[in-house]
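**Q** Okay, here's the structure, questions in a sec.
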Amino acid sequence: MNILIVNHYAGSTAHGMEYRPYYFAQEWVKAGHIVTIIAASFSHLRYLQPKCQEPISIEFINNIKYVWIKTRQYQGNGFPRVLNMLSFSWKVWNKILPIGAPDIVIDSSTYPLTIYGSAKIANKYGAKLIFEVHDLWPLTPMELGGFSKGHPFIMVLQWAEDYAYKKADRVVSLLPKAREYMVAHGMSANKFVHIPNGANFSNFDVRDSLPREHSALITKLKRQGKFIIGYLGGHNISNALKYLLAAAEMVKKQDEIHFILVGQGSEKQALQDLARKLNLCNISFLSPISKTTVPMFLEAMDAVYIGWLRSPLYRYGVTPNKLIDYMMAAKPVIYSIDAANNLVAESGCGVSVPPEDPQAIADALYYMLKISPEEREAMGRNGYNYVKAHYDYGLLSKKYLKNF
């Protein structure tokens, strides 16, 4: 089959997030399918942007054809990002793109505006149209960003979302409990398929060396006998890292514990300022690392942390990429969330605590420090075995195409 994926933020192991389109494409190419990915030339999620001098550029990565559409750069979540979205969506709809004749068109952008271009392509070639939902937009900017239902941009997003649920042949949701919401917005219940983010074990075996700054700090802390808690990912409001810093203040008298936060985001400077204000000598902030160095970083951690804000949005479930990485690395996890699903509790790979609760996080840290290395190792193995059995991209890629 000829499979087309339209994903504004699609990346690769060479560019950085987002990885889901690349991993599925990689599996489908292995199975003998032809895969093309349409993506924007600029994304805030990537650590390396593609070279895109022309309005449209083509690049092949591991036999996956990338069609890069040139878009403006932006910072943060303001109006320039909206212009970036509108520009990409318009060009997908309006441009003649080098895509061949697809059998399946997967519209997979975080926001729903690209559905119009994807539907136009599917109609032209008589292809199946799949609407893949990562986050529920416009519900996400309404509940996390405080936008009103009557905001013009929210109304435009709502029209696009409702159109997508009605127009698509199937709706693939990363969120396990979203069917009811989607049906309320016009989707036929039999269109719903839950296919979460997955684990790519073959790529996880590729282990490049850490940057010198990262390896030097870890070596120093290990020599000092520190118990290292790692965090890897975005430093944004939704990641709720200020509560981890509050917990770090509570445990700073426990000299053994040290935190390493790796990544970038809109809140990183504010978090560093807060750490200085709280006089936290037990926390270090480091720059983002490439996907191929993630295994080396996680291997050096004694335990890992992931947290979210308390939000009614998570009543539909979550499948965070970083949690999958943590579980693939067989590390015990401290998970601070209130959601409809909980992979840490289901697999037994760590400790779950309520969100926005520094004392609960501190208690979990003390617990991780208190239990034996063998018990922490058993937790890590539980997580690894769980994702191997249920979240391997090889298995998910077959399930994906079976539905279509």
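Residues are named by chain letter and number: chains run A, B, ... in the order of the structure tokens, numbers start at 1 in each chain, and ligands are numbered from 1 in the order shown.
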Could you tell me, as an MDAnalysis selection string, which residues of stretch 213-350 of chain A DSSP assigns to strand (DSSP E) when given the backbone?
**A** chainID A and resid 227:232 257:262 283:286 303:307 333:336 350
**Q** Residues within 9 Å of A:Phe201, please, as an MDAnalysis selection string. Count only C-alpha atoms; anything in the same chain fewer than 5 positions from it doesn't count.
**A** chainID A and resid 328 388 392:393
**Q** How about saving the chosen residues, C-alpha atoms kept, as an mmCIF file, in the first residue's frame?
**A**
data_model
loop_
_atom_site.group_PDB
_atom_site.id
_atom_site.type_symbol
_atom_site.label_atom_id
_atom_site.label_comp_id
_atom_site.auth_asym_id
_atom_site.auth_seq_id
_atom_site.Cartn_x
_atom_site.Cartn_y
_atom_site.Cartn_z
ATOM 1 C CA MET A 328 11.805 0.588 28.046
ATOM 2 C CA LYS A 388 7.235 -5.253 25.349
ATOM 3 C CA ASP A 392 5.878 -2.547 20.778
ATOM 4 C CA TYR A 393 5.574 -0.512 17.545
#
**Q** Give me, as a PDB file with C-alpha atoms, in the first residue's frame, all polymer residues having an atom no more than 6 Å from A:Ala340, counting only C-alpha atoms and skipping those fewer than 5 positions away in the same chain.
**A**
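This went into selection.pdb:
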ATOM      1  CA  ARG A 315     -10.315  11.901  32.155  1.00  0.00           C
ATOM      2  CA  TYR A 316      -9.840  10.655  28.586  1.00  0.00           C
ATOM      3  CA  GLY A 317      -6.478   9.031  29.399  1.00  0.00           C
TER       4      GLY A 317
END
**Q** Do you have, as a tab-separated table, the list of residues of stretch 64-112 of chain A lying at most 10 Å from stretch 150-172 of chain A, each with its nearest atom pair and that distance in Å to one decimal, counting only C-alpha atoms and ordered by chain then number?
**A**
residue	atom	partner	partner_atom	distance
A:Val82	CA	A:Phe153	CA	8.9
A:Val105	CA	A:Ala168	CA	9.8
A:Ile106	CA	A:Val172	CA	9.2
A:Asp107	CA	A:Ala164	CA	9.2
A:Ser108	CA	A:Val172	CA	9.1
A:Tyr111	CA	A:Leu157	CA	7.5
A:Pro112	CA	A:Glu161	CA	5.5
**Q** Kindly save the residues from that selection, with N, CA and C atoms included, as a tab-separated table (two decimals), in the first residue's frame.
**A**
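Wrote it out as result_5.tsv, contents follow:
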chain	number	residue	atom	x	y	z
A	82	VAL	N	0.17	30.30	15.83
A	82	VAL	CA	-1.10	30.15	15.12
A	82	VAL	C	-0.90	30.37	13.63
A	105	VAL	N	-4.78	7.87	3.75
A	105	VAL	CA	-4.30	9.18	4.19
A	105	VAL	C	-4.56	9.28	5.68
A	106	ILE	N	-3.49	9.46	6.45
A	106	ILE	CA	-3.61	9.58	7.91
A	106	ILE	C	-3.38	11.04	8.29
A	107	ASP	N	-4.42	11.71	8.73
A	107	ASP	CA	-4.30	13.09	9.19
A	107	ASP	C	-3.98	13.06	10.68
A	108	SER	N	-2.74	13.44	11.02
A	108	SER	CA	-2.22	13.14	12.34
A	108	SER	C	-1.67	14.34	13.10
A	111	TYR	N	-3.41	19.53	16.17
A	111	TYR	CA	-4.62	20.33	15.99
A	111	TYR	C	-5.35	19.82	14.74
A	112	PRO	N	-6.67	20.10	14.58
A	112	PRO	CA	-7.43	19.45	13.51
A	112	PRO	C	-7.51	20.19	12.17
**Q** So, counting only C-alpha atoms, which residue among A:Ile3, A:Leu113, A:Ile56, A:Ala119 is closest to A:Gly100?
**A**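 Of all the options, A:Ile3 lies closest to A:Gly100.
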**Q** Give me every helix (DSSP H, G or I) residue in stretch 134-370 of chain A, going by DSSP on the backbone, as a PyMOL selection string.
**A** chain A and resi 139-145+152-167+179-184+189-191+201-204+212-223+237-239+241-250+268-277+291-299+312-316+321-328+343-347+358-370
**Q** Please produce a file of those selected residues containing C-alpha atoms, as a JSON list (two decimals), in the first residue's frame.
**A**
[["chain", "number", "residue", "atom", "x", "y", "z"],
["A", 139, "LEU", "CA", -10.68, 21.12, 24.38],
["A", 140, "THR", "CA", -6.97, 21.13, 25.28],
["A", 141, "PRO", "CA", -6.36, 24.90, 24.80],
["A", 142, "MET", "CA", -9.72, 25.58, 26.49],
["A", 143, "GLU", "CA", -9.01, 23.53, 29.64],
["A", 144, "LEU", "CA", -5.24, 24.04, 29.88],
["A", 145, "GLY", "CA", -4.93, 27.45, 28.24],
["A", 152, "PRO", "CA", -12.78, 32.85, 17.21],
["A", 153, "PHE", "CA", -9.79, 30.50, 17.01],
["A", 154, "ILE", "CA", -11.51, 27.97, 19.27],
["A", 155, "MET", "CA", -14.63, 28.11, 17.09],
["A", 156, "VAL", "CA", -12.56, 27.46, 13.96],
["A", 157, "LEU", "CA", -10.89, 24.49, 15.65],
["A", 158, "GLN", "CA", -14.26, 23.13, 16.78],
["A", 159, "TRP", "CA", -15.67, 23.24, 13.25],
["A", 160, "ALA", "CA", -12.60, 21.37, 12.00],
["A", 161, "GLU", "CA", -12.78, 18.75, 14.74],
["A", 162, "ASP", "CA", -16.48, 18.08, 14.16],
["A", 163, "TYR", "CA", -15.90, 17.86, 10.41],
["A", 164, "ALA", "CA", -13.06, 15.38, 10.94],
["A", 165, "TYR", "CA", -15.15, 13.02, 13.08],
["A", 166, "LYS", "CA", -17.90, 12.96, 10.46],
["A", 167, "LYS", "CA", -15.67, 12.80, 7.36],
["A", 179, "ARG", "CA", -14.88, 7.53, 22.39],
["A", 180, "GLU", "CA", -17.78, 9.14, 24.28],
["A", 181, "TYR", "CA", -16.43, 12.65, 23.71],
["A", 182, "MET", "CA", -15.93, 11.99, 20.00],
["A", 183, "VAL", "CA", -19.41, 10.52, 19.55],
["A", 184, "ALA", "CA", -20.83, 13.67, 21.17],
["A", 189, "ALA", "CA", -19.07, 4.90, 17.56],
["A", 190, "ASN", "CA", -17.84, 2.12, 15.23],
["A", 191, "LYS", "CA", -15.14, 4.41, 13.79],
["A", 201, "PHE", "CA", 13.06, -1.46, 21.05],
["A", 202, "SER", "CA", 15.36, -1.73, 18.03],
["A", 203, "ASN", "CA", 16.06, 2.02, 18.01],
["A", 204, "PHE", "CA", 16.41, 2.01, 21.79],
["A", 212, "ARG", "CA", 30.45, 15.75, 27.89],
["A", 213, "GLU", "CA", 28.51, 18.03, 30.26],
["A", 214, "HIS", "CA", 25.96, 15.31, 31.00],
["A", 215, "SER", "CA", 28.42, 12.44, 31.42],
["A", 216, "ALA", "CA", 30.76, 14.54, 33.62],
["A", 217, "LEU", "CA", 27.93, 15.48, 36.01],
["A", 218, "ILE", "CA", 26.62, 11.92, 36.26],
["A", 219, "THR", "CA", 30.13, 10.55, 36.88],
["A", 220, "LYS", "CA", 30.70, 13.14, 39.62],
["A", 221, "LEU", "CA", 27.38, 12.37, 41.34],
["A", 222, "LYS", "CA", 27.97, 8.62, 41.17],
["A", 223, "ARG", "CA", 31.38, 9.04, 42.80],
["A", 237, "ILE", "CA", 3.60, 24.41, 32.44],
["A", 238, "SER", "CA", 1.83, 21.12, 31.69],
["A", 239, "ASN", "CA", 4.84, 19.13, 32.96],
["A", 241, "LEU", "CA", 7.92, 20.57, 37.36],
["A", 242, "LYS", "CA", 7.48, 23.31, 39.97],
["A", 243, "TYR", "CA", 5.94, 20.65, 42.21],
["A", 244, "LEU", "CA", 9.01, 18.47, 41.77],
["A", 245, "LEU", "CA", 11.16, 21.43, 42.81],
["A", 246, "ALA", "CA", 8.96, 21.91, 45.88],
["A", 247, "ALA", "CA", 9.51, 18.24, 46.72],
["A", 248, "ALA", "CA", 13.26, 18.71, 46.14],
["A", 249, "GLU", "CA", 13.22, 21.44, 48.78],
["A", 250, "MET", "CA", 11.49, 19.08, 51.22],
["A", 268, "LYS", "CA", 12.89, 26.29, 32.03],
["A", 269, "GLN", "CA", 14.24, 29.72, 32.96],
["A", 270, "ALA", "CA", 11.52, 30.22, 35.56],
["A", 271, "LEU", "CA", 12.31, 26.81, 37.05],
["A", 272, "GLN", "CA", 16.02, 27.62, 37.24],
["A", 273, "ASP", "CA", 15.18, 30.92, 38.92],
["A", 274, "LEU", "CA", 12.95, 29.08, 41.41],
["A", 275, "ALA", "CA", 15.72, 26.57, 42.18],
["A", 276, "ARG", "CA", 18.09, 29.44, 42.97],
["A", 277, "LYS", "CA", 15.45, 31.16, 45.10],
["A", 291, "LYS", "CA", 17.06, 10.22, 20.94],
["A", 292, "THR", "CA", 20.09, 7.98, 20.48],
["A", 293, "THR", "CA", 21.63, 9.18, 23.77],
["A", 294, "VAL", "CA", 18.42, 8.74, 25.81],
["A", 295, "PRO", "CA", 19.18, 5.08, 26.69],
["A", 296, "MET", "CA", 22.60, 6.02, 28.11],
["A", 297, "PHE", "CA", 21.10, 8.79, 30.23],
["A", 298, "LEU", "CA", 18.28, 6.65, 31.61],
["A", 299, "GLU", "CA", 20.63, 3.73, 32.30],
["A", 312, "PRO", "CA", -10.25, 17.23, 33.88],
["A", 313, "LEU", "CA", -8.74, 16.80, 30.41],
["A", 314, "TYR", "CA", -6.98, 13.62, 31.57],
["A", 315, "ARG", "CA", -10.32, 11.90, 32.16],
["A", 316, "TYR", "CA", -9.84, 10.66, 28.59],
["A", 321, "ASN", "CA", 6.18, 9.22, 25.22],
["A", 322, "LYS", "CA", 8.61, 9.81, 28.06],
["A", 323, "LEU", "CA", 6.85, 7.25, 30.24],
["A", 324, "ILE", "CA", 7.27, 4.64, 27.48],
["A", 325, "ASP", "CA", 10.99, 5.53, 27.32],
["A", 326, "TYR", "CA", 11.29, 5.16, 31.09],
["A", 327, "MET", "CA", 9.65, 1.74, 30.98],
["A", 328, "MET", "CA", 11.81, 0.59, 28.05],
["A", 343, "LEU", "CA", 0.49, 2.45, 33.04],
["A", 344, "VAL", "CA", 2.65, 2.61, 36.17],
["A", 345, "ALA", "CA", -0.09, 1.13, 38.35],
["A", 346, "GLU", "CA", -1.15, -1.38, 35.67],
["A", 347, "SER", "CA", 2.39, -2.68, 35.17],
["A", 358, "PRO", "CA", 4.93, 18.00, 46.68],
["A", 359, "GLN", "CA", 4.58, 16.08, 49.94],
["A", 360, "ALA", "CA", 3.33, 12.97, 48.11],
["A", 361, "ILE", "CA", 6.22, 13.28, 45.65],
["A", 362, "ALA", "CA", 8.68, 13.65, 48.55],
["A", 363, "ASP", "CA", 7.21, 10.56, 50.25],
["A", 364, "ALA", "CA", 7.62, 8.61, 47.00],
["A", 365, "LEU", "CA", 11.25, 9.75, 46.78],
["A", 366, "TYR", "CA", 11.93, 8.56, 50.32],
["A", 367, "TYR", "CA", 10.26, 5.25, 49.50],
["A", 368, "MET", "CA", 12.42, 4.74, 46.41],
["A", 369, "LEU", "CA", 15.51, 5.48, 48.47],
["A", 370, "LYS", "CA", 14.45, 3.12, 51.26]]
**Q** Can you work out the spacing between atom CA of A:Leu4 and atom CA of A:Thr36 in Å, to one decimal?
**A**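 Computed distance, atom CA of A:Leu4 to atom CA of A:Thr36, equals 4.9 Å.
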**Q** Using only C-alpha atoms, find each residue in stretch 27-134 of chain A having at least one atom no more than 12 Å away from stretch 256-267 of chain A; report its shortest atom-to-atom pair and that distance in Å (one decimal), rows by chain then rising number, as a Markdown table.
**A**
| residue | atom | partner | partner_atom | distance |
| --- | --- | --- | --- | --- |
| A:His44 | CA | A:Gly265 | CA | 9.1 |
| A:Leu45 | CA | A:Gly265 | CA | 9.3 |
| A:Arg46 | CA | A:Gln264 | CA | 10.7 |
| A:Tyr47 | CA | A:Gln264 | CA | 9.6 |
| A:Gln75 | CA | A:Ser266 | CA | 8.9 |
| A:Gly76 | CA | A:Ser266 | CA | 6.7 |
| A:Asn77 | CA | A:Ser266 | CA | 9.1 |
| A:Gly78 | CA | A:Ser266 | CA | 11.7 |
**Q** Kindly save the residues from that selection, with C-alpha atoms included, as a JSON list (two decimals), in the first residue's frame.
**A**
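The result, written out as again.json:
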[["chain", "number", "residue", "atom", "x", "y", "z"],
["A", 44, "HIS", "CA", 9.24, 23.73, 18.33],
["A", 45, "LEU", "CA", 9.50, 20.04, 19.25],
["A", 46, "ARG", "CA", 12.56, 19.26, 17.12],
["A", 47, "TYR", "CA", 16.13, 19.83, 18.21],
["A", 75, "GLN", "CA", 8.50, 30.87, 19.73],
["A", 76, "GLY", "CA", 6.04, 30.03, 22.48],
["A", 77, "ASN", "CA", 2.30, 29.55, 22.06],
["A", 78, "GLY", "CA", 1.28, 32.99, 20.82]]
**Q** Between A:Val133, A:Cys281, A:Cys349, A:Ile96, which residue has the minimum interatomic distance to A:Gly383, considering only C-alpha atoms?
**A**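 Of the candidates, the smallest distance to A:Gly383 is held by A:Cys349.
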**Q** At what distance in Å, to one decimal, does atom CA of A:Thr110 lie from atom CA of A:Trp308?
**A**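 Distance between the two atoms: 18.4 Å.
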**Q** If I take atom CA of A:Leu232 and atom CA of A:Tyr400, how far is one from the other in Å, to one decimal?
**A**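 Atom CA of A:Leu232 sits 28.2 Å away from atom CA of A:Tyr400.
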